[in-house]
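Worksheet for the structure shown next.
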Amino acid sequence: MRVDLLTREYPPEIYGGAGVHVAELVKALRLTGGSDLEVLVRCFGAPREEEGATAYAVPAELAQANGALQTMGVDLAIAGDAAGADLVHSHTWYANFAGHVAKMLHGIPHIATAHSLEPLRPWKAEQLGGGYRLSSWIERDALQSADAVVAVSEGMRLDLLRVYPDLDPERVKVVYNGIDLSSWARVEDPDTVRALGMDPDRPSVVFVGRITRQKGLPYLLRAARLLPPEVQLVLCAGAPDTAEIMAEVEGLVAELRETRDGVVWIDRHLPRHELCALLSAATTFVCPSVYEPLGIVNLEAMACGAPVVGTATGGIPEVVAHGITGTIVPLDQLDDGTGTPTDPETFVRDLAAALTDMISDPDRARRLGEAGRQRAEQEFSWLAIAERTRALYDEVVGAAR
């Protein structure tokens with residue numbers, strides 16, 4: 001069986017959780033699939049040196065076009081080259097169009113993995129302009145016509161069926177994101193932590209994520225005003241979606257630094273060793289997202305032995321076991337698709353209270369972190385996820401014959 005895996009992100013060009021998912025899934029599929037499974041990767045960007053991975057640049061004629069049109073141009077080239085595949089498996093709307101066209105053009109099955117949903121990210125209109133309407137159209141049609149849709153959590157499955165009620169529930173399968181437990185593990189390196197600006201001897205709250213509306217960083221920055229003065233806030237935050245969200249975060253960080261020290265902002269992509277060292281030294285990790293289908297970053301923190309304080313949205317409660325591996329903060333949200341808390345001030349206070357509670361008992365925090373590592377090992381290994389994905393490939397290809 002030849003499977004063409006279609007994706008925007010692929011190493012070394014990775015900026016989000018979907019890219020991590022694809023990279024690890026490909027590696028695990030090739031390891032467990034045997035001689036009867038060939039996995040080819042078709043991705044966006046610069047040429048890749050990896051055998052079996054082909055990259056596609058934006059067509060020159062679309063160099064100045066809207067980002068959504070550029071994506072569609074790349075997808076058409078990918079779809080053409082998928083001839084000869086037994087199945088195409090696309091990830092995110094960026095590659096869904098390629099999978100949808102390949103299905104129609106070549107008469108082959110299409111599986112689409114949903115890492116997020118465009119209707120639940122309306123702030124993307126700030127970034128894409130009219131292209132947001134195109135991305136929403138692509139996602140809807142591709143998912144509704146796919147032979148199977150993979151949700152990365154039960155929460156995401158519920159969102160899929162709510163947002164796209166025409167989807168056949170029998171075609172929506174849950175296959176979790178995973179974690180490479182050999183690469184993500186505790187790293188005791190206080191010198192590296194100090195070099196990054198964090199004092200490993202002080203209590204700390206660590207955030208890792210892109211500067212985008214869904215990650216809830218402005219709420220965390222407001223909550224940080226309420227934390228005990230000895231607590232450090234370490235932000236590994238970059239890749240802003242828009243100039244507006246970047247300006248808002250810069251303003252909030254500046255205000256916070258006027259009233260407390262220990263506010264560390266790392267705006268570069270950290271190598272794995274440095275990030276593991278930082279997560280291992282954290283008293284707690286925080287995920288203040290208002291939209292998070294699963295949250296690989298929570299698994300990364302758990303694998304490094306950090307307890308997680310996360311919000312009660314999307315798939316986060318499926319990863320973070322409340323009172324066992326961390327704390328889930330209540331989050332009532334508007335039903336307008338933005339994820340906005342119905343009572344932002346209450347959410348900020350609840351987030352601050354949960355962080356303060358975690359920080360106040362470092363021994364308990366350490367025990368929760370150890371339990372988080374155990375849970376990551378038991379529930380989220382990539383080999384198990386690859387086996388479930390391969391079983392879905394066999395089921396879909398068999399039904400198509």
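Numbering starts fresh at 1 for the residues of each chain in the structure tokens, the chains themselves are lettered A, B, ... in the order given, and ligands are numbered from 1 as they appear.
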
*asked:* Can you pull out every residue from stretch 179-256 of chain A that DSSP, working from the backbone, puts in strand (DSSP E or B), and format the result as a PyMOL selection string?
replied: chain A and resi 179+204-210+232-238

*asked:* Residues within 12 Å of A:Leu227, please, as a VMD selection string. Count only C-alpha atoms; anything in the same chain fewer than 5 positions from it doesn't count.
replied: chain A and resid 203 to 205 220 to 222 232 to 233 256 259 to 263 348 to 360

Take the residues just selected and output them with C-alpha atoms as a PDB file, in the first residue's frame.
ATOM      1  CA  PRO A 203       9.164  28.993  41.653  1.00  0.00           C
ATOM      2  CA  SER A 204       8.194  29.325  38.011  1.00  0.00           C
ATOM      3  CA  VAL A 205       5.286  29.159  35.606  1.00  0.00           C
ATOM      4  CA  LEU A 220      -2.308  34.524  31.309  1.00  0.00           C
ATOM      5  CA  LEU A 221      -0.521  37.876  31.376  1.00  0.00           C
ATOM      6  CA  ARG A 222      -3.437  39.399  33.269  1.00  0.00           C
ATOM      7  CA  GLN A 232       8.677  33.813  37.721  1.00  0.00           C
ATOM      8  CA  LEU A 233       6.710  33.834  34.481  1.00  0.00           C
ATOM      9  CA  LEU A 256       3.691  43.341  34.035  1.00  0.00           C
ATOM     10  CA  THR A 259       5.172  45.730  38.851  1.00  0.00           C
ATOM     11  CA  ARG A 260       7.278  42.557  39.204  1.00  0.00           C
ATOM     12  CA  ASP A 261      10.592  40.984  38.244  1.00  0.00           C
ATOM     13  CA  GLY A 262      11.152  37.503  36.874  1.00  0.00           C
ATOM     14  CA  VAL A 263       9.177  38.043  33.665  1.00  0.00           C
ATOM     15  CA  VAL A 348      -8.393  35.307  34.915  1.00  0.00           C
ATOM     16  CA  ARG A 349      -8.930  35.002  38.677  1.00  0.00           C
ATOM     17  CA  ASP A 350      -9.548  31.245  38.462  1.00  0.00           C
ATOM     18  CA  LEU A 351      -6.409  30.791  36.364  1.00  0.00           C
ATOM     19  CA  ALA A 352      -4.336  32.807  38.836  1.00  0.00           C
ATOM     20  CA  ALA A 353      -5.778  30.834  41.765  1.00  0.00           C
ATOM     21  CA  ALA A 354      -4.974  27.475  40.149  1.00  0.00           C
ATOM     22  CA  LEU A 355      -1.405  28.564  39.399  1.00  0.00           C
ATOM     23  CA  THR A 356      -0.925  29.919  42.910  1.00  0.00           C
ATOM     24  CA  ASP A 357      -2.253  26.691  44.401  1.00  0.00           C
ATOM     25  CA  MET A 358       0.158  24.633  42.290  1.00  0.00           C
ATOM     26  CA  ILE A 359       3.136  26.850  43.110  1.00  0.00           C
ATOM     27  CA  SER A 360       2.358  26.857  46.846  1.00  0.00           C
TER      28      SER A 360
END

*Mind checking which residues fall within 12 Å of A:Ile316, counting only C-alpha atoms, ignoring those fewer than 4 positions away in the same chain, and posting them as an NGL selection string?*
:A and (152-156 or 176-177 or 286-299 or 308-312 or 320-322 or 325-331)

*Selected residue of minimal separation from A:Ala83 among A:Ala112, A:Leu158, A:Val20, A:Val3, counting only C-alpha atoms*: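 Smallest separation from A:Ala83 among the options: A:Val3.
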
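The nearest approach to A:Leu368 among the residues A:Ile245, A:Leu69, A:Ile385, A:Ala301, with only C-alpha atoms taken into account, belongs to A:Ala301.
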
*Test item: residues at most 10 Å from A:Leu134, only C-alpha atoms, excluding those fewer than 6 positions along its chain, as a ChimeraX atom specification*: /A:67-69,72,93,128,140

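Pairwise distance (atom CA of A:Ile266, atom CA of A:Leu252) equals 15.2 Å.
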
_Which of stretch 156-334 of chain A fall in alpha helix (DSSP H), as a ChimeraX atom specification_ = /A:156-163,190-195,217-224,243-259,272-281,296-303,316-319

*Compile the contact shell of A:Leu5 as a list in words: residues with an atom at most 6 Å away, counting only C-alpha atoms, same-chain residues fewer than 6 positions apart removed.*
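Answer for this query is Val41, Val88, His89 and Ser90 of chain A.
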